[in-house]
Amino acid sequence: MWWEYYGDAVIAVSTLSIILILTFIHFSRAKRKRGLLVPVSLAMIGYTSFVVGIVFIRGWSGMGFIVYGVIIMAIGLLYYLGIGLYRKIRC
């Protein structure tokens with residue numbers, strides 16, 4: 001049932017949700033969005049995979065979705081930060 005979620009799952013999903021929302025707000029305010037579209041897409045795909053694994057599948061069966069989701073989201077966010085830092089240093 002829906003009330004059987006564990007506290008750590010709720011904390012993990014809410015933390016990654018806040019990170020993704022802040023990234024999307026920054027993306028929507030960015031002047032040049034062309035280079036940032038791929039990292040934001042990677043972060044959203046990773047977040048979706050994480051949520052599917054932790055909310056819908058759960059347990060050891062969903063562990064692959066959770067791990068790959070976190071890895072893909074981390075790659076997307078690091079790529080996003082790398083592009084942002086490169087643009088700050090270059091300009």
# chains A, B, ... in the order shown; residues from 1 in each chain; ligands from 1
call {"tool": "residues_around", "arguments": {"residues": "Arg87 in chain A", "least_positions_apart": "5", "cutoff": "12 Å", "atoms": "only C-alpha atoms", "output": "number ranges by chain"}}
result
A: 30-33, 35-36, 80-82
call {"tool": "write_last_selection", "arguments": {"atoms": "C-alpha atoms", "output": "tab-separated table (two decimals), in the first residue's frame"}}
result
chain	number	residue	atom	x	y	z
A	30	ALA	CA	20.05	30.43	-18.66
A	31	LYS	CA	20.69	32.65	-21.63
A	32	ARG	CA	22.36	30.00	-23.76
A	33	LYS	CA	20.46	26.74	-23.40
A	35	GLY	CA	24.81	23.18	-24.55
A	36	LEU	CA	22.78	22.50	-21.41
A	80	TYR	CA	25.92	20.39	-16.31
A	81	LEU	CA	28.23	21.85	-13.65
A	82	GLY	CA	31.26	21.32	-15.89
call {"tool": "closest_residue", "arguments": {"among": "A:Ile19, A:Ile75, A:Val55, A:Ile11", "to": "Leu42 in chain A", "atoms": "only C-alpha atoms"}}
result
A:Ile75
call {"tool": "closest_residue", "arguments": {"among": "A:Val70, A:Val40, A:Leu85, A:Leu78", "to": "Ile21 in chain A", "atoms": "only C-alpha atoms"}}
result
A:Val40
call {"tool": "select_by_dssp", "arguments": {"residues": "chain A", "states": "alpha helix (DSSP H)", "output": "short mmCIF file (atom, residue, chain, number, x, y, z; two decimals) with C-alpha atoms, in the first residue's frame"}}
result
data_model
loop_
_atom_site.label_atom_id
_atom_site.label_comp_id
_atom_site.auth_asym_id
_atom_site.auth_seq_id
_atom_site.Cartn_x
_atom_site.Cartn_y
_atom_site.Cartn_z
CA GLY A 7 11.62 7.16 5.50
CA ASP A 8 14.93 6.77 3.68
CA ALA A 9 13.14 6.29 0.35
CA VAL A 10 11.08 9.42 0.89
CA ILE A 11 14.17 11.42 1.87
CA ALA A 12 16.13 10.17 -1.17
CA VAL A 13 13.33 10.95 -3.63
CA SER A 14 12.68 14.37 -2.13
CA THR A 15 16.39 15.29 -2.13
CA LEU A 16 16.85 14.29 -5.75
CA SER A 17 13.60 16.08 -6.63
CA ILE A 18 14.87 19.31 -5.11
CA ILE A 19 18.18 18.98 -6.94
CA LEU A 20 16.38 18.38 -10.24
CA ILE A 21 13.97 21.28 -9.67
CA LEU A 22 16.83 23.68 -8.91
CA THR A 23 18.70 22.49 -11.99
CA PHE A 24 15.61 22.97 -14.14
CA ILE A 25 15.04 26.48 -12.73
CA HIS A 26 18.64 27.39 -13.54
CA PHE A 27 18.25 25.87 -17.00
CA SER A 28 15.10 27.88 -17.70
CA ARG A 29 16.85 31.11 -16.69
CA LEU A 37 20.00 20.46 -22.98
CA VAL A 38 21.88 17.14 -22.97
CA PRO A 39 22.94 17.28 -19.28
CA VAL A 40 19.42 18.25 -18.16
CA SER A 41 18.00 15.39 -20.23
CA LEU A 42 20.49 12.95 -18.66
CA ALA A 43 19.56 14.15 -15.18
CA MET A 44 15.86 13.73 -15.90
CA ILE A 45 16.35 10.23 -17.34
CA GLY A 46 18.43 9.21 -14.31
CA TYR A 47 15.86 10.64 -11.92
CA THR A 48 13.05 8.79 -13.69
CA SER A 49 14.96 5.51 -13.49
CA PHE A 50 15.68 6.10 -9.80
CA VAL A 51 12.03 6.82 -9.00
CA MET A 63 18.20 -2.07 -7.11
CA GLY A 64 19.48 -1.95 -10.69
CA PHE A 65 17.12 0.88 -11.57
CA ILE A 66 18.12 2.76 -8.43
CA VAL A 67 21.87 2.41 -8.97
CA TYR A 68 21.80 3.16 -12.69
CA GLY A 69 19.45 6.07 -12.08
CA VAL A 70 21.76 7.64 -9.53
CA ILE A 71 24.79 7.10 -11.77
CA ILE A 72 23.10 8.59 -14.84
CA MET A 73 21.75 11.54 -12.84
CA ALA A 74 25.18 12.19 -11.31
CA ILE A 75 26.81 12.12 -14.74
CA GLY A 76 24.21 14.57 -16.04
CA LEU A 77 24.63 16.94 -13.09
CA LEU A 78 28.43 16.82 -13.22
CA TYR A 79 28.28 17.46 -16.96
CA TYR A 80 25.92 20.39 -16.31
CA LEU A 81 28.23 21.85 -13.65
CA GLY A 82 31.26 21.32 -15.89
CA ILE A 83 29.69 23.24 -18.75
CA GLY A 84 28.64 26.01 -16.36
CA LEU A 85 32.13 26.33 -14.89
CA TYR A 86 33.70 26.24 -18.35
CA ARG A 87 31.47 29.09 -19.49
CA LYS A 88 32.27 31.14 -16.35
CA ILE A 89 36.01 30.67 -16.74
CA ARG A 90 36.02 31.24 -20.50
#
